[in-house]
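Pasting model10.cif here (mmCIF, C-alpha atoms and all ligand atoms):
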```cif
data_model
loop_
_atom_site.label_atom_id
_atom_site.label_comp_id
_atom_site.auth_asym_id
_atom_site.auth_seq_id
_atom_site.Cartn_x
_atom_site.Cartn_y
_atom_site.Cartn_z
CA MET A 296 -23.26 -7.56 12.99
CA THR A 297 -24.26 -4.80 10.64
CA SER A 298 -26.04 -5.79 7.50
CA LEU A 299 -25.51 -3.61 4.47
CA THR A 300 -26.66 -4.08 0.93
CA LEU A 301 -26.48 -2.09 -2.24
CA SER A 302 -29.46 -1.55 -4.47
CA GLN A 303 -29.94 -3.92 -7.39
CA ASP A 304 -28.93 -1.14 -9.69
CA GLU A 305 -25.67 -0.48 -7.86
CA GLN A 306 -24.83 -4.17 -7.68
CA GLY A 307 -25.39 -4.67 -11.36
CA THR A 308 -23.43 -1.65 -12.54
CA GLN A 309 -19.71 -1.43 -12.16
CA LEU A 310 -19.11 1.65 -14.20
CA GLY A 311 -22.26 3.71 -13.95
CA ALA A 312 -24.05 5.06 -17.02
CA PRO A 313 -22.56 4.02 -20.35
CA SER A 314 -21.11 6.77 -22.53
CA THR A 315 -23.46 7.10 -25.48
CA GLY A 316 -24.20 10.01 -27.79
CA LEU A 317 -20.83 11.67 -27.21
CA SER A 318 -18.42 13.14 -29.74
CA THR A 319 -15.04 11.48 -30.25
CA ALA A 320 -13.27 14.05 -28.07
CA GLU A 321 -15.94 13.80 -25.38
CA ARG A 322 -15.67 10.02 -25.43
CA TRP A 323 -11.90 10.15 -24.97
CA HIS A 324 -12.41 12.20 -21.81
CA ASP A 325 -15.15 9.90 -20.51
CA TRP A 326 -13.61 7.43 -18.06
CA ARG A 327 -16.33 4.87 -18.69
CA TRP A 328 -15.52 4.91 -22.41
CA GLN A 329 -11.85 4.52 -21.54
CA LEU A 330 -12.59 1.43 -19.46
CA GLN A 331 -15.01 -0.02 -21.97
CA ASN A 332 -12.45 0.36 -24.75
CA ALA A 333 -9.38 -0.94 -22.96
CA ALA A 334 -7.15 -3.35 -24.88
CA ARG A 335 -7.79 -6.76 -23.34
CA THR A 336 -6.68 -9.36 -25.85
CA ALA A 337 -3.59 -10.33 -27.80
CA ASP A 338 -5.41 -9.28 -30.97
CA ASP A 339 -6.16 -5.84 -29.47
CA LEU A 340 -2.46 -5.44 -28.70
CA ALA A 341 -1.38 -6.72 -32.11
CA ARG A 342 -3.64 -4.14 -33.77
CA ALA A 343 -2.13 -1.28 -31.77
CA LEU A 344 1.53 -2.31 -31.49
CA GLN A 345 4.23 -4.12 -33.40
CA LEU A 346 4.48 -7.01 -30.98
CA THR A 347 7.65 -9.05 -30.65
CA PRO A 348 7.28 -12.85 -30.69
CA GLU A 349 8.03 -12.78 -26.94
CA GLU A 350 5.20 -10.29 -26.36
CA LEU A 351 2.75 -12.14 -28.58
CA GLU A 352 3.47 -15.38 -26.78
CA GLY A 353 3.06 -13.60 -23.42
CA ALA A 354 -0.22 -12.01 -24.49
CA ARG A 355 -1.62 -15.32 -25.77
CA ALA A 356 -0.59 -17.02 -22.51
CA ALA A 357 -2.18 -14.21 -20.44
CA GLU A 358 -5.37 -14.58 -22.45
CA ARG A 359 -5.49 -18.35 -21.94
CA ALA A 360 -4.94 -18.66 -18.25
CA GLY A 361 -2.71 -16.03 -16.84
CA PHE A 362 -2.97 -12.62 -15.31
CA PRO A 363 -5.36 -10.74 -17.65
CA ILE A 364 -4.55 -7.79 -19.87
CA SER A 365 -6.11 -4.35 -19.61
CA ILE A 366 -4.67 -1.14 -21.03
CA THR A 367 -6.85 1.95 -21.29
CA PRO A 368 -6.71 3.94 -24.56
CA HIS A 369 -5.11 6.76 -22.54
CA TYR A 370 -2.30 4.56 -21.24
CA LEU A 371 -1.90 2.83 -24.61
CA SER A 372 -1.40 6.26 -26.20
CA LEU A 373 1.74 6.62 -24.06
CA VAL A 374 3.22 3.38 -25.44
CA ASP A 375 5.75 3.50 -28.26
CA PRO A 376 4.14 1.12 -30.78
CA SER A 377 7.41 0.12 -32.40
CA ASP A 378 9.84 -0.05 -29.47
CA PRO A 379 9.59 -3.11 -27.20
CA ARG A 380 11.95 -1.38 -24.77
CA CYS A 381 9.40 1.40 -24.20
CA PRO A 382 9.17 1.86 -20.41
CA ILE A 383 5.38 2.19 -20.52
CA ARG A 384 5.00 -0.86 -22.69
CA ARG A 385 7.14 -3.03 -20.38
CA GLN A 386 4.73 -2.29 -17.53
CA VAL A 387 1.55 -3.49 -19.23
CA VAL A 388 2.31 -5.70 -22.24
CA PRO A 389 2.82 -9.32 -21.15
CA GLN A 390 5.98 -11.15 -22.09
CA ALA A 391 6.57 -14.88 -22.40
CA ALA A 392 8.93 -14.53 -19.41
CA GLU A 393 5.85 -14.24 -17.17
CA GLY A 394 5.55 -17.99 -17.52
CA ARG A 395 9.04 -18.58 -16.12
CA SER A 396 9.80 -18.77 -12.43
CA THR A 397 12.87 -17.41 -10.69
CA PRO A 398 14.31 -18.71 -7.40
CA GLY A 399 12.49 -16.92 -4.58
CA ASP A 400 9.37 -16.20 -6.64
CA LEU A 401 6.19 -16.35 -4.60
CA ARG A 402 2.52 -16.44 -5.49
CA ASP A 403 1.68 -14.22 -2.50
CA PRO A 404 4.98 -12.45 -1.72
CA LEU A 405 3.66 -10.35 1.15
CA GLY A 406 1.91 -13.22 2.91
CA GLU A 407 -1.42 -11.41 2.65
CA GLU A 408 -3.43 -14.59 2.75
CA ASP A 409 -1.72 -15.59 6.01
CA HIS A 410 -2.46 -12.16 7.47
CA GLN A 411 -6.12 -12.08 6.51
CA VAL A 412 -8.15 -11.24 9.62
CA ALA A 413 -11.56 -11.19 7.89
CA PRO A 414 -12.66 -11.78 4.32
CA GLU A 415 -11.02 -9.07 2.15
CA LEU A 416 -9.18 -7.58 5.16
CA VAL A 417 -5.43 -7.96 5.70
CA GLN A 418 -3.64 -6.74 8.81
CA ARG A 419 0.15 -6.80 8.86
CA TYR A 420 0.72 -3.94 11.34
CA PRO A 421 -1.10 -3.15 14.59
CA ASP A 422 -2.52 0.22 13.51
CA ARG A 423 -3.23 -0.36 9.80
CA ALA A 424 -5.34 -2.66 7.68
CA LEU A 425 -5.76 -3.29 3.98
CA LEU A 426 -9.29 -3.58 2.63
CA LEU A 427 -9.52 -5.32 -0.76
CA VAL A 428 -12.68 -3.95 -2.33
CA THR A 429 -12.43 -5.11 -5.93
CA ASP A 430 -10.29 -7.24 -8.21
CA ARG A 431 -10.64 -4.84 -11.17
CA CYS A 432 -8.15 -2.23 -12.34
CA ALA A 433 -7.98 0.22 -15.22
CA VAL A 434 -4.69 -1.36 -16.25
CA TYR A 435 -3.19 -4.67 -15.20
CA CYS A 436 0.45 -4.04 -14.34
CA ARG A 437 2.64 -7.01 -15.16
CA PHE A 438 4.57 -6.62 -11.88
CA CYS A 439 1.48 -6.52 -9.65
CA THR A 440 2.02 -7.90 -6.16
CA ARG A 441 -1.55 -9.17 -6.14
CA SER A 442 -1.58 -10.81 -9.57
CA ARG A 443 -2.80 -13.98 -7.84
CA MET A 444 -6.22 -12.39 -7.38
CA VAL A 445 -6.40 -9.16 -9.37
CA GLY A 446 -8.56 -9.56 -12.48
CA ALA A 447 -9.72 -12.96 -11.28
CA GLY A 448 -13.33 -12.15 -12.12
CA GLY A 449 -14.97 -11.44 -8.76
CA GLY A 450 -15.56 -7.76 -9.55
CA PRO A 451 -16.26 -5.10 -6.96
CA ARG A 452 -17.21 -6.45 -3.56
CA ASN A 453 -20.61 -5.34 -2.30
CA LEU A 454 -21.06 -4.04 1.22
CA GLU A 455 -22.69 -7.28 2.30
CA ARG A 456 -19.53 -9.15 1.46
CA LEU A 457 -17.42 -6.51 3.23
CA THR A 458 -19.55 -6.55 6.38
CA PRO A 459 -17.29 -8.97 8.31
CA ALA A 460 -14.29 -6.76 7.50
CA LEU A 461 -16.14 -3.63 8.67
CA ASP A 462 -17.23 -5.45 11.81
CA TYR A 463 -13.62 -6.42 12.49
CA LEU A 464 -12.56 -2.76 12.18
CA ARG A 465 -15.31 -1.73 14.59
CA ALA A 466 -14.14 -4.34 17.08
CA HIS A 467 -10.47 -3.33 16.74
CA PRO A 468 -10.11 0.37 17.54
CA GLU A 469 -6.34 0.03 17.41
CA VAL A 470 -6.68 0.11 13.62
CA LYS A 471 -6.47 3.81 12.82
CA ASP A 472 -5.60 3.74 9.14
CA VAL A 473 -7.43 1.77 6.43
CA ILE A 474 -5.90 1.37 3.00
CA VAL A 475 -8.67 0.76 0.47
CA SER A 476 -7.16 -1.24 -2.33
CA GLY A 477 -7.80 -4.24 -4.54
CA GLY A 478 -7.67 -4.04 -7.51
CA ASP A 479 -8.23 -0.36 -7.89
CA PRO A 480 -11.00 1.22 -5.81
CA LEU A 481 -11.34 4.11 -8.27
CA ALA A 482 -12.26 1.62 -11.02
CA MET A 483 -15.53 1.15 -9.10
CA ALA A 484 -18.69 3.13 -9.74
CA THR A 485 -18.80 6.35 -7.71
CA PRO A 486 -21.97 5.52 -5.69
CA ARG A 487 -20.52 2.18 -4.63
CA LEU A 488 -17.20 3.74 -3.61
CA GLU A 489 -18.88 6.63 -1.83
CA ARG A 490 -21.10 4.25 0.10
CA LEU A 491 -18.11 2.22 1.20
CA VAL A 492 -16.08 5.25 2.29
CA ALA A 493 -19.09 6.65 4.16
CA GLU A 494 -19.44 3.33 5.95
CA LEU A 495 -15.78 3.38 6.95
CA ARG A 496 -16.27 6.91 8.25
CA THR A 497 -18.92 5.64 10.69
CA ILE A 498 -16.13 3.73 12.46
CA GLU A 499 -14.87 6.35 14.89
CA SER A 500 -11.50 4.75 15.49
CA VAL A 501 -10.60 4.87 11.78
CA GLU A 502 -8.77 8.17 11.52
CA THR A 503 -7.31 7.96 8.04
CA ILE A 504 -8.56 6.34 4.87
CA ARG A 505 -6.18 5.86 2.00
CA LEU A 506 -7.26 5.06 -1.54
CA ALA A 507 -4.56 3.07 -3.33
CA THR A 508 -4.96 3.70 -7.03
CA ARG A 509 -3.24 3.83 -10.41
CA VAL A 510 -6.18 5.72 -11.87
CA PRO A 511 -4.47 9.15 -11.91
CA VAL A 512 -1.77 7.51 -14.06
CA ALA A 513 -3.78 5.18 -16.28
CA LEU A 514 -7.27 6.68 -16.31
CA PRO A 515 -6.91 10.35 -15.31
CA GLN A 516 -10.35 11.14 -16.77
CA ARG A 517 -11.77 9.31 -13.73
CA ILE A 518 -10.76 12.17 -11.42
CA ASP A 519 -13.84 14.17 -12.31
CA ASP A 520 -16.09 16.55 -10.40
CA GLU A 521 -18.61 13.83 -9.61
CA LEU A 522 -15.96 11.72 -7.88
CA LEU A 523 -14.40 14.62 -6.00
CA GLN A 524 -17.75 15.90 -4.78
CA ALA A 525 -18.73 12.42 -3.61
CA LEU A 526 -15.52 11.83 -1.67
CA ARG A 527 -14.78 15.30 -0.34
CA PRO A 528 -17.16 15.11 2.64
CA HIS A 529 -15.23 12.10 3.95
CA HIS A 530 -11.84 13.70 4.55
CA PRO A 531 -9.19 12.99 5.71
CA LEU A 532 -8.85 10.85 2.60
CA TRP A 533 -5.40 10.27 1.18
CA VAL A 534 -4.65 9.12 -2.33
CA MET A 535 -1.75 6.72 -2.76
CA THR A 536 -0.92 6.70 -6.41
CA HIS A 537 1.63 4.95 -8.49
CA PHE A 538 3.63 6.79 -11.15
CA ASN A 539 6.67 4.84 -12.32
CA HIS A 540 8.06 6.87 -15.21
CA PRO A 541 8.10 10.56 -16.26
CA LYS A 542 6.30 9.66 -19.52
CA GLU A 543 3.29 8.90 -17.35
CA LEU A 544 3.14 12.58 -16.35
CA HIS A 545 0.90 13.31 -19.32
CA PRO A 546 -0.95 16.67 -19.11
CA ASP A 547 -4.20 14.82 -18.29
CA ALA A 548 -2.51 12.89 -15.47
CA ARG A 549 -0.96 16.06 -14.12
CA ALA A 550 -4.35 17.78 -14.22
CA ALA A 551 -5.85 14.83 -12.31
CA CYS A 552 -3.21 15.23 -9.59
CA ARG A 553 -3.92 18.95 -9.37
CA ARG A 554 -7.65 18.33 -9.09
CA LEU A 555 -7.04 15.92 -6.23
CA ALA A 556 -4.75 18.36 -4.44
CA ASP A 557 -7.19 21.24 -4.98
CA ALA A 558 -9.96 19.11 -3.47
CA GLY A 559 -7.89 18.58 -0.33
CA PHE A 560 -6.52 15.09 -0.91
CA PRO A 561 -2.90 14.62 0.11
CA VAL A 562 -1.44 12.66 -2.82
CA MET A 563 1.47 10.33 -2.18
CA ASN A 564 3.28 8.34 -4.84
CA GLN A 565 4.71 4.85 -4.60
CA THR A 566 7.11 4.07 -7.44
CA VAL A 567 8.05 0.46 -8.09
CA LEU A 568 11.66 0.06 -9.17
CA LEU A 569 11.52 -1.87 -12.44
CA ARG A 570 14.24 -3.18 -14.69
CA GLY A 571 14.22 -1.46 -18.07
CA VAL A 572 11.58 1.01 -16.90
CA ASN A 573 13.02 3.29 -14.26
CA ASP A 574 16.23 1.71 -12.93
CA ASP A 575 18.13 4.90 -13.69
CA ALA A 576 18.79 7.88 -11.40
CA ASN A 577 18.16 10.45 -14.16
CA VAL A 578 14.78 8.94 -15.05
CA LEU A 579 13.71 8.86 -11.42
CA ALA A 580 14.98 12.38 -10.74
CA GLU A 581 12.81 13.64 -13.61
CA LEU A 582 9.82 11.68 -12.31
CA PHE A 583 10.17 12.82 -8.70
CA ARG A 584 10.64 16.47 -9.68
CA GLY A 585 7.62 16.28 -11.96
CA LEU A 586 5.49 14.81 -9.19
CA VAL A 587 6.49 17.51 -6.71
CA ARG A 588 5.57 20.17 -9.26
CA GLU A 589 2.02 18.74 -9.18
CA ARG A 590 1.98 18.61 -5.33
CA VAL A 591 2.42 14.84 -5.29
CA ARG A 592 4.89 13.65 -2.68
CA PRO A 593 7.28 10.90 -3.82
CA TYR A 594 6.76 8.66 -0.82
CA TYR A 595 8.27 5.24 -1.50
CA LEU A 596 10.58 3.73 -4.07
CA LEU A 597 9.70 0.09 -3.71
CA GLN A 598 11.98 -2.80 -4.43
CA THR A 599 9.77 -4.99 -6.63
CA ASP A 600 8.13 -7.77 -4.65
CA PRO A 601 9.26 -11.24 -5.75
CA VAL A 602 5.98 -12.04 -7.46
CA ARG A 603 5.90 -15.22 -9.49
CA GLY A 604 6.72 -14.49 -13.14
CA THR A 605 8.27 -11.03 -12.64
CA GLY A 606 11.97 -11.96 -12.59
CA HIS A 607 12.48 -10.13 -15.91
CA LEU A 608 11.20 -6.89 -14.35
CA ARG A 609 13.03 -6.99 -11.02
CA THR A 610 16.36 -5.33 -10.26
CA SER A 611 18.96 -6.25 -7.66
CA VAL A 612 18.68 -4.58 -4.26
CA GLN A 613 22.02 -2.91 -4.95
CA THR A 614 20.53 -1.10 -7.96
CA GLY A 615 18.06 0.76 -5.75
CA ILE A 616 20.73 1.57 -3.18
CA ASP A 617 23.02 3.00 -5.86
CA ILE A 618 20.17 5.11 -7.29
CA MET A 619 19.33 6.52 -3.87
CA ALA A 620 23.02 7.37 -3.32
CA ALA A 621 23.04 9.21 -6.66
CA LEU A 622 19.88 11.15 -5.79
CA GLN A 623 20.85 12.12 -2.24
CA GLY A 624 21.83 15.79 -2.25
CA ARG A 625 20.69 16.13 -5.86
CA LEU A 626 16.98 16.25 -5.02
CA SER A 627 15.39 18.17 -2.20
CA GLY A 628 13.96 16.17 0.69
CA ILE A 629 10.39 16.58 -0.50
CA ALA A 630 11.31 14.97 -3.83
CA LEU A 631 13.27 12.07 -2.35
CA PRO A 632 11.27 8.95 -1.43
CA LYS A 633 12.31 6.25 1.00
CA LEU A 634 13.68 3.11 -0.59
CA ILE A 635 11.65 0.24 0.83
CA LEU A 636 11.95 -3.51 0.72
CA ASP A 637 8.75 -5.25 1.77
CA ALA A 638 10.03 -8.36 3.53
CA PRO A 639 8.77 -11.53 1.81
CA GLY A 640 6.32 -13.42 3.97
CA GLY A 641 4.48 -10.35 5.21
CA PHE A 642 6.93 -9.36 7.93
CA GLY A 643 6.69 -5.67 7.06
CA LYS A 644 8.40 -2.90 5.17
CA VAL A 645 12.09 -2.28 5.77
CA PRO A 646 13.72 1.04 4.82
CA ILE A 647 16.99 0.34 3.03
CA GLY A 648 19.49 2.60 1.35
CA PRO A 649 23.08 3.71 1.15
CA GLU A 650 25.07 3.69 4.36
CA TRP A 651 25.84 7.26 5.43
CA ILE A 652 27.26 6.44 8.88
CA VAL A 653 30.99 5.71 8.63
CA SER A 654 31.60 4.92 12.31
CA ARG A 655 30.17 5.43 15.76
CA GLY A 656 32.32 6.02 18.86
CA ASP A 657 31.58 7.08 22.41
CA GLY A 658 29.44 10.17 21.88
CA VAL A 659 30.61 10.78 18.35
CA THR A 660 29.29 9.70 15.00
CA ARG A 661 31.19 10.05 11.76
CA VAL A 662 29.00 10.48 8.68
CA ARG A 663 29.73 10.67 4.98
CA THR A 664 27.87 13.40 3.09
CA HIS A 665 26.62 13.21 -0.49
CA ARG A 666 29.79 15.12 -1.44
CA GLY A 667 31.91 12.28 -0.06
CA VAL A 668 33.16 14.39 2.85
CA GLU A 669 33.40 12.68 6.26
CA VAL A 670 32.22 14.80 9.19
CA ASP A 671 32.00 14.12 12.96
CA TYR A 672 28.85 14.85 14.94
CA PHE A 673 29.22 15.05 18.76
CA ASP A 674 26.38 14.10 21.06
CA PRO A 675 25.47 16.66 23.77
CA GLY A 676 28.13 16.66 26.48
CA ALA A 677 30.62 14.66 24.44
CA PRO A 678 34.04 16.33 24.31
CA PRO A 679 34.61 17.77 20.82
CA GLU A 680 38.13 16.32 20.83
CA THR A 681 36.78 12.74 21.17
CA PRO A 682 38.22 10.87 18.21
CA ALA A 683 35.76 9.31 15.81
CA GLY A 684 35.49 5.48 16.04
S1 LIG B 701 -3.30 -1.02 -10.65
FE1 LIG B 701 -2.38 -1.77 -8.75
S2 LIG B 701 -3.61 -3.53 -8.14
FE2 LIG B 701 -4.05 -3.10 -10.32
S3 LIG B 701 -2.66 -4.39 -11.49
FE3 LIG B 701 -1.65 -2.39 -11.25
S4 LIG B 701 -0.41 -2.64 -9.40
FE4 LIG B 701 -1.91 -4.31 -9.39
#
```
Structure rendered as structure tokens:
Amino acid sequence: MTSLTLSQDEQGTQLGAPSTGLSTAERWHDWRWQLQNAARTADDLARALQLTPEELEGARAAERAGFPISITPHYLSLVDPSDPRCPIRRQVVPQAAEGRSTPGDLRDPLGEEDHQVAPELVQRYPDRALLLVTDRCAVYCRFCTRSRMVGAGGGPRNLERLTPALDYLRAHPEVKDVIVSGGDPLAMATPRLERLVAELRTIESVETIRLATRVPVALPQRIDDELLQALRPHHPLWVMTHFNHPKELHPDARAACRRLADAGFPVMNQTVLLRGVNDDANVLAELFRGLVRERVRPYYLLQTDPVRGTGHLRTSVQTGIDIMAALQGRLSGIALPKLILDAPGGFGKVPIGPEWIVSRGDGVTRVRTHRGVEVDYFDPGAPPETPAG
């Protein structure tokens, strides 16, 4: 067993030095100030927005016992204060509907607790593992798959607590790819995060480390030189971010993506398909094009996991399939993500989408193109005159 501890100072400080003595503009661009001034209560929300009764009830319920509220000033500035249908607002302002369950709702939709192989380590595939390093995020997204534990109060995990997980990874060289998640790893102090990544890098079998984060979207100020310099020596490090709507492509967020790309981080985006937010082919086309412009690859469009209390934000499976059919041929391949349904229970991700194969015969496959034309493809050696199935 390895034994690793952080200094008292590192353990006691989540955010690093507080932002004092700064001008208003400097404070706005200070990520610590952004976190320290996040809206966290129903009263904070009521001061900033014209809340509907449904939102006020949801916010009061979240405050009492539910999934907590956090919205950075940056992200709150993207919210339309008077329109409850605002796609940014729907992602972060609680609604009373969070208290209602829908058939199929699950507390832990991906069966992560059943697939825990060490404390804070989940393994659902042979070559990958998910390391949960904190329960804190810059924003708490109302559709979060991990709402059962995110914001629960444990804070960032110190290396001592993560030691069994690191030992497991050392003992299991088949795990090549570690997804560092939580919570949001980039909501942790830089020295703590750097120490953790450096520790993972001592495990020779771990080839790729991915940081799963909404920080480029919700707290773009966090992608600063200090962070990039700390992480750069530990490449290959991938950033898996999470833009859901083109309004989130604020100039500061776009600059954060560019800084990551310039520092050598491949940046991949996972969009969650959300009712009333982005369940529209035009909205997603604009988002995916905007991401590609900033060298961010639209990677997955995720069918929302059936998390308890998110029925009002989920779409039907058919909605996603129809959107993908509308986008096929309209967006280039680099702008077109895979539509993914993560099978409830933790059985793994399943690519879904429109059916492009019309029929399959002996050595011949008939496909339908995005133009609606049906075309035969002959396998090598198959006679071209073979009729399609
Ligand atoms: S940032 Fe990620 S982990 Fe945090 S609440 Fe949003 S979806 Fe959940």
Legend entry - Option closest in space to Asp430 of chain A, from A:Val670, A:Ile383, A:Leu461, A:Met483 [counting only C-alpha atoms]: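 Looking at the shortest contact to Asp430 of chain A, the residue is A:Met483.
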Legend entry - Atomic distance atom CA of Tyr672 of chain A - atom CA of Gly624 of chain A, expressed in Å with one decimal: 18.6 Å
Legend entry - Point-to-point distance from atom CA of Ala337 of chain A to atom CA of Arg517 of chain A, Å rounded to tenths: 25.5 Å
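If you count all atoms listed in the file and ignore residues fewer than 5 places along the chain from segment 570-573 of chain A, what sits within 7 Å of it is Pro382, Arg385, Asn539, His540, Val578, Leu579, Leu608, Arg609 and Thr610 of chain A.
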Legend entry - Interatomic distance, atom CA of Leu631 of chain A to atom CA of Tyr435 of chain A (Å, one decimal):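 These two atoms are separated by 26.8 Å.
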Which residues are close to Pro632 of chain A, i.e. within 8 Å by only C-alpha atoms, leaving aside same-chain residues fewer than 6 positions away? Reply as a PDB file with C-alpha atoms, in the frame of the given file.
```pdb
ATOM      1  CA  PRO A 593       7.280  10.900  -3.820  1.00  0.00           C
ATOM      2  CA  TYR A 594       6.760   8.660  -0.820  1.00  0.00           C
ATOM      3  CA  TYR A 595       8.270   5.240  -1.500  1.00  0.00           C
ATOM      4  CA  LEU A 596      10.580   3.730  -4.070  1.00  0.00           C
TER       5      LEU A 596
END
```
Inset, instruction - Extract, using all atoms listed in the file, all DNA, RNA and protein residues at most 7 Å from Val567 of chain A, discarding same-chain residues fewer than 2 positions from it, and format them as a list in words. - result: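 Residues meeting the cut-off are Asn539, Gln565, Leu569, Leu596, Leu597, Gln598 and Thr599 of chain A.
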Put those residues in a file: C-alpha atoms, as a JSON list (two decimals), in the frame of the given file.
```json
[["chain", "number", "residue", "atom", "x", "y", "z"],
["A", 539, "ASN", "CA", 6.67, 4.84, -12.32],
["A", 565, "GLN", "CA", 4.71, 4.85, -4.60],
["A", 569, "LEU", "CA", 11.52, -1.87, -12.44],
["A", 596, "LEU", "CA", 10.58, 3.73, -4.07],
["A", 597, "LEU", "CA", 9.70, 0.09, -3.71],
["A", 598, "GLN", "CA", 11.98, -2.80, -4.43],
["A", 599, "THR", "CA", 9.77, -4.99, -6.63]]
```
Inset, instruction - Using only C-alpha atoms and all ligand atoms, determine which residues fall within 6 Å of ligand LIG 701 (chain B), then list them as a ChimeraX atom specification. - result: /A:432,434-436,439,441,477-479,509
Legend entry - Nearest residue to Arg592 of chain A from the set A:Leu481, A:Ala343, A:Ile629, A:Leu634 (distances using all atoms listed in the file):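 Closest to Arg592 of chain A, using all atoms listed in the file: A:Ile629.
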Inset, instruction - Identify the residues within 9 Å of coordinate (-15.5, -4.6, -7.2) (same frame as the file), considering only C-alpha atoms, and give the answer as a count of residues only. - result: 19
Legend entry - Residue nearest Pro379 of chain A among A:Glu349, A:Glu393, A:Asp657, A:Glu521 (counting only C-alpha atoms):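 Smallest separation from Pro379 of chain A among the options: A:Glu349.
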Legend entry - Counting all atoms listed in the file, the option among A:Val602, A:Leu522, A:Leu586, A:Leu344 closest to Ala550 of chain A: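 Closest to Ala550 of chain A of all the choices is A:Leu586.
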Counting all atoms listed in the file, give me one row per residue of segment 359-431 of chain A with an atom at most 7 Å from an atom of segment 465-471 of chain A, showing the shortest contact pair and its distance in Å to one decimal, sorted by chain then residue number, as a tab-separated table.
```
residue	atom	partner	partner_atom	distance
A:Pro421	CA	A:Val470	CA	6.5
A:Asp422	CA	A:Val470	CA	4.2
A:Arg423	CA	A:Val470	CA	5.2
A:Ala424	CA	A:Val470	CA	6.7
```
Inset, instruction - Determine the nearest neighbour of Thr605 of chain A from the options A:Arg456, A:Arg437, A:Arg584, A:Arg625, counting all atoms listed in the file. - result: A:Arg437
Legend entry - Residue with smallest distance to Ala548 of chain A - pool A:Ile518, A:Ile366, A:Val412, A:Ala447, counting all atoms listed in the file: A:Ile518
Legend entry - Exercise: Ile364 of chain A partners within 7 Å, all atoms listed in the file, chain neighbours under 3 positions left out, as a PyMOL selection string: chain A and resi 335-336+357+435
Sorted by chain and rising residue number, list the residues of segment 360-478 of chain A at most 7 Å from segment 635-644 of chain A (counting only C-alpha atoms), each with its closest atom pair and distance in Å to one decimal, as CSV.
```
residue,atom,partner,partner_atom,distance
A:Pro404,CA,A:Pro639,CA,5.3
A:Leu405,CA,A:Gly641,CA,4.1
A:Gly406,CA,A:Gly641,CA,4.5
A:Glu407,CA,A:Gly641,CA,6.5
A:Arg419,CA,A:Gly641,CA,6.7
```
